[in-house]
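Text of the file work-v7.pdb, holding PDB, C-alpha atoms, pLDDT in the B column:
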ATOM      1  CA  MET A  20     -61.073  87.288 104.265  1.00 78.00           C
ATOM      2  CA  LEU A  21     -57.765  85.753 103.273  1.00 84.00           C
ATOM      3  CA  LEU A  22     -59.304  82.292 102.981  1.00 87.00           C
ATOM      4  CA  LEU A  23     -61.976  83.292 100.466  1.00 90.00           C
ATOM      5  CA  PRO A  24     -59.844  82.398  97.408  1.00 90.00           C
ATOM      6  CA  VAL A  25     -59.004  79.016  98.966  1.00 90.00           C
ATOM      7  CA  ILE A  26     -62.672  78.339  99.645  1.00 89.00           C
ATOM      8  CA  ALA A  27     -63.594  79.370  96.094  1.00 90.00           C
ATOM      9  CA  VAL A  28     -60.978  77.041  94.612  1.00 90.00           C
ATOM     10  CA  SER A  29     -62.062  74.147  96.809  1.00 88.00           C
ATOM     11  CA  ILE A  30     -65.697  74.639  95.770  1.00 89.00           C
ATOM     12  CA  GLY A  31     -64.597  74.675  92.122  1.00 90.00           C
ATOM     13  CA  VAL A  32     -62.628  71.451  92.607  1.00 87.00           C
ATOM     14  CA  MET A  33     -65.633  69.879  94.301  1.00 86.00           C
ATOM     15  CA  PHE A  34     -67.880  70.726  91.333  1.00 89.00           C
ATOM     16  CA  ALA A  35     -65.245  69.479  88.879  1.00 89.00           C
ATOM     17  CA  LEU A  36     -64.978  66.131  90.690  1.00 85.00           C
ATOM     18  CA  ALA A  37     -68.762  65.848  90.906  1.00 86.00           C
ATOM     19  CA  GLY A  38     -68.981  66.522  87.159  1.00 90.00           C
ATOM     20  CA  LEU A  39     -66.408  63.828  86.440  1.00 89.00           C
ATOM     21  CA  ALA A  40     -68.307  61.396  88.659  1.00 89.00           C
ATOM     22  CA  ALA A  41     -71.521  62.173  86.789  1.00 91.00           C
ATOM     23  CA  ALA A  42     -69.756  61.631  83.457  1.00 92.00           C
ATOM     24  CA  ALA A  43     -68.342  58.321  84.721  1.00 92.00           C
ATOM     25  CA  LEU A  44     -71.812  57.250  85.833  1.00 93.00           C
ATOM     26  CA  VAL A  45     -73.281  58.115  82.421  1.00 95.00           C
ATOM     27  CA  LEU A  46     -70.463  56.204  80.717  1.00 94.00           C
ATOM     28  CA  PHE A  47     -71.073  53.191  82.964  1.00 95.00           C
ATOM     29  CA  ILE A  48     -74.825  53.202  82.269  1.00 96.00           C
ATOM     30  CA  THR A  49     -74.129  53.574  78.533  1.00 96.00           C
ATOM     31  CA  ALA A  50     -71.719  50.637  78.619  1.00 95.00           C
ATOM     32  CA  ILE A  51     -74.328  48.489  80.352  1.00 96.00           C
ATOM     33  CA  GLY A  52     -76.903  49.523  77.741  1.00 96.00           C
ATOM     34  CA  VAL A  53     -74.540  48.681  74.869  1.00 95.00           C
ATOM     35  CA  THR A  54     -73.772  45.312  76.459  1.00 95.00           C
ATOM     36  CA  ILE A  55     -77.480  44.477  76.741  1.00 96.00           C
ATOM     37  CA  TRP A  56     -78.136  45.688  73.183  1.00 94.00           C
ATOM     38  CA  LEU A  57     -75.272  43.591  71.796  1.00 92.00           C
ATOM     39  CA  TYR A  58     -76.540  40.555  73.683  1.00 93.00           C
ATOM     40  CA  HIS A  59     -80.098  40.907  72.382  1.00 93.00           C
ATOM     41  CA  SER A  60     -79.123  41.714  68.776  1.00 92.00           C
ATOM     42  CA  ARG A  61     -76.321  39.158  68.411  1.00 88.00           C
ATOM     43  CA  GLU A  62     -78.271  36.767  66.151  1.00 91.00           C
ATOM     44  CA  GLN A  63     -79.480  39.555  63.839  1.00 90.00           C
ATOM     45  CA  ARG A  64     -76.001  41.073  63.639  1.00 87.00           C
ATOM     46  CA  ARG A  65     -74.522  37.654  62.892  1.00 88.00           C
ATOM     47  CA  ALA A  66     -77.118  37.069  60.141  1.00 91.00           C
ATOM     48  CA  ASP A  67     -76.316  40.488  58.633  1.00 90.00           C
ATOM     49  CA  GLY A  68     -72.594  39.676  58.674  1.00 88.00           C
ATOM     50  CA  LYS A  69     -71.718  42.548  61.003  1.00 88.00           C
ATOM     51  CA  THR A  70     -68.897  42.299  63.504  1.00 86.00           C
ATOM     52  CA  ASN A  71     -68.854  43.606  67.068  1.00 86.00           C
ATOM     53  CA  VAL A  72     -65.196  44.666  67.086  1.00 89.00           C
ATOM     54  CA  GLY A  73     -65.860  48.395  67.417  1.00 91.00           C
ATOM     55  CA  TRP A  74     -68.400  47.903  70.170  1.00 91.00           C
ATOM     56  CA  VAL A  75     -66.125  45.503  72.042  1.00 92.00           C
ATOM     57  CA  VAL A  76     -63.272  48.037  71.875  1.00 94.00           C
ATOM     58  CA  PHE A  77     -65.660  50.676  73.245  1.00 94.00           C
ATOM     59  CA  LEU A  78     -66.703  48.368  76.096  1.00 94.00           C
ATOM     60  CA  VAL A  79     -63.108  47.382  76.911  1.00 94.00           C
ATOM     61  CA  ILE A  80     -62.300  51.079  77.316  1.00 95.00           C
ATOM     62  CA  ALA A  81     -65.574  52.217  78.921  1.00 94.00           C
ATOM     63  CA  TYR A  82     -65.887  49.715  81.760  1.00 95.00           C
ATOM     64  CA  PRO A  83     -62.413  50.199  83.320  1.00 93.00           C
ATOM     65  CA  LEU A  84     -62.579  53.985  82.922  1.00 91.00           C
ATOM     66  CA  SER A  85     -65.994  54.401  84.481  1.00 93.00           C
ATOM     67  CA  VAL A  86     -65.678  51.800  87.244  1.00 92.00           C
ATOM     68  CA  SER A  87     -62.228  52.944  88.361  1.00 89.00           C
ATOM     69  CA  TYR A  88     -63.313  56.575  88.657  1.00 89.00           C
ATOM     70  CA  LEU A  89     -66.561  55.684  90.418  1.00 89.00           C
ATOM     71  CA  VAL A  90     -64.611  53.622  92.966  1.00 88.00           C
ATOM     72  CA  PHE A  91     -62.172  56.526  93.399  1.00 86.00           C
ATOM     73  CA  PHE A  92     -65.071  58.943  93.915  1.00 86.00           C
ATOM     74  CA  VAL A  93     -66.770  56.702  96.491  1.00 86.00           C
ATOM     75  CA  LEU A  94     -63.498  56.300  98.416  1.00 85.00           C
ATOM     76  CA  LEU A  95     -62.970  60.067  98.235  1.00 83.00           C
ATOM     77  CA  MET A  96     -66.437  60.684  99.682  1.00 84.00           C
ATOM     78  CA  ILE A  97     -65.864  58.144 102.464  1.00 84.00           C
ATOM     79  CA  SER A  98     -62.582  59.842 103.280  1.00 84.00           C
ATOM     80  CA  ALA A  99     -64.176  63.302 103.215  1.00 81.00           C
ATOM     81  CA  PHE A 100     -67.063  62.385 105.498  1.00 84.00           C
ATOM     82  CA  THR A 101     -65.155  60.229 107.985  1.00 86.00           C
ATOM     83  CA  GLY A 102     -61.938  62.226 108.083  1.00 77.00           C
ATOM     84  CA  GLU A 103     -59.946  58.997 107.806  1.00 79.00           C
ATOM     85  CA  SER A 104     -57.643  58.027 104.992  1.00 75.00           C
ATOM     86  CA  VAL A 105     -59.087  55.192 102.902  1.00 70.00           C
ATOM     87  CA  THR A 106     -56.605  52.807 101.317  1.00 70.00           C
ATOM     88  CA  VAL A 107     -57.210  49.842  99.065  1.00 65.00           C
ATOM     89  CA  GLY A 108     -55.064  46.754  99.394  1.00 60.00           C
TER      90      GLY A 108
END

Is it possible to express this structure as structure tokens?
Amino acid sequence: MLLLPVIAVSIGVMFALAGLAAAALVLFITAIGVTIWLYHSREQRRADGKTNVGWVVFLVIAYPLSVSYLVFFVLLMISAFTGESVTVG
């Protein structure tokens, strides 16, 4: 009975981390989509005189954010399921 609040908090943390992982996955997929779109529309954008600066800034921020959290989440899951501490480096 005394552990019920601890269990409730741990379940809440689990859902919060799963939500962040889902958001990171969506951000990663969006960044890939933007990269492909920029690649395919580069000639038209160049002919229209448009620059890609805003999109490049978005991609420079999106890729490291999403990939780093997805790697963290995968290592966290490996650690949770194996019971061993996972270190990088």

Find the residues of segment 53-76 of chain A that sit at most 12 Å from segment 33-49 of chain A; for each, write down the nearest two atoms and how far apart they are in Å, to one decimal. Count all atoms listed in the file. Sort by chain, then by number going up, and give it as a tab-separated table.
residue	atom	partner	partner_atom	distance
A:Val53	CA	A:Thr49	CA	6.1
A:Thr54	CA	A:Thr49	CA	8.5
A:Ile55	CA	A:Thr49	CA	9.9
A:Trp56	CA	A:Thr49	CA	10.3
A:Trp74	CA	A:Thr49	CA	11.6

Could you check the closest approach to Pro83 of chain A for each of A:Ala27, A:Leu21, A:Ala50, A:Leu95 and tell me which residue wins, using all atoms listed in the file?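 Checking each of A:Ala27, A:Leu21, A:Ala50, A:Leu95 against Pro83 of chain A, counting all atoms listed in the file, the winner is A:Ala50.
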
At what distance in Å, to one decimal, does atom CA of Tyr88 of chain A lie from atom CA of Val32 of chain A?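 Separation between atom CA of Val32 of chain A and atom CA of Tyr88 of chain A: 15.4 Å.
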
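When atom CA of Asn71 of chain A is paired with atom CA of Leu57 of chain A, their separation reads 8.0 Å.
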
Using only C-alpha atoms, the residue out of A:Gly73, A:Ile51, A:Ala66, A:Ala99 with shortest distance to Ser85 of chain A is A:Ile51

How far is it from atom CA of Phe92 of chain A to atom CA of Thr106 of chain A, in Å with one decimal?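 If I compute the distance from atom CA of Phe92 of chain A to atom CA of Thr106 of chain A, I get 12.8 Å.
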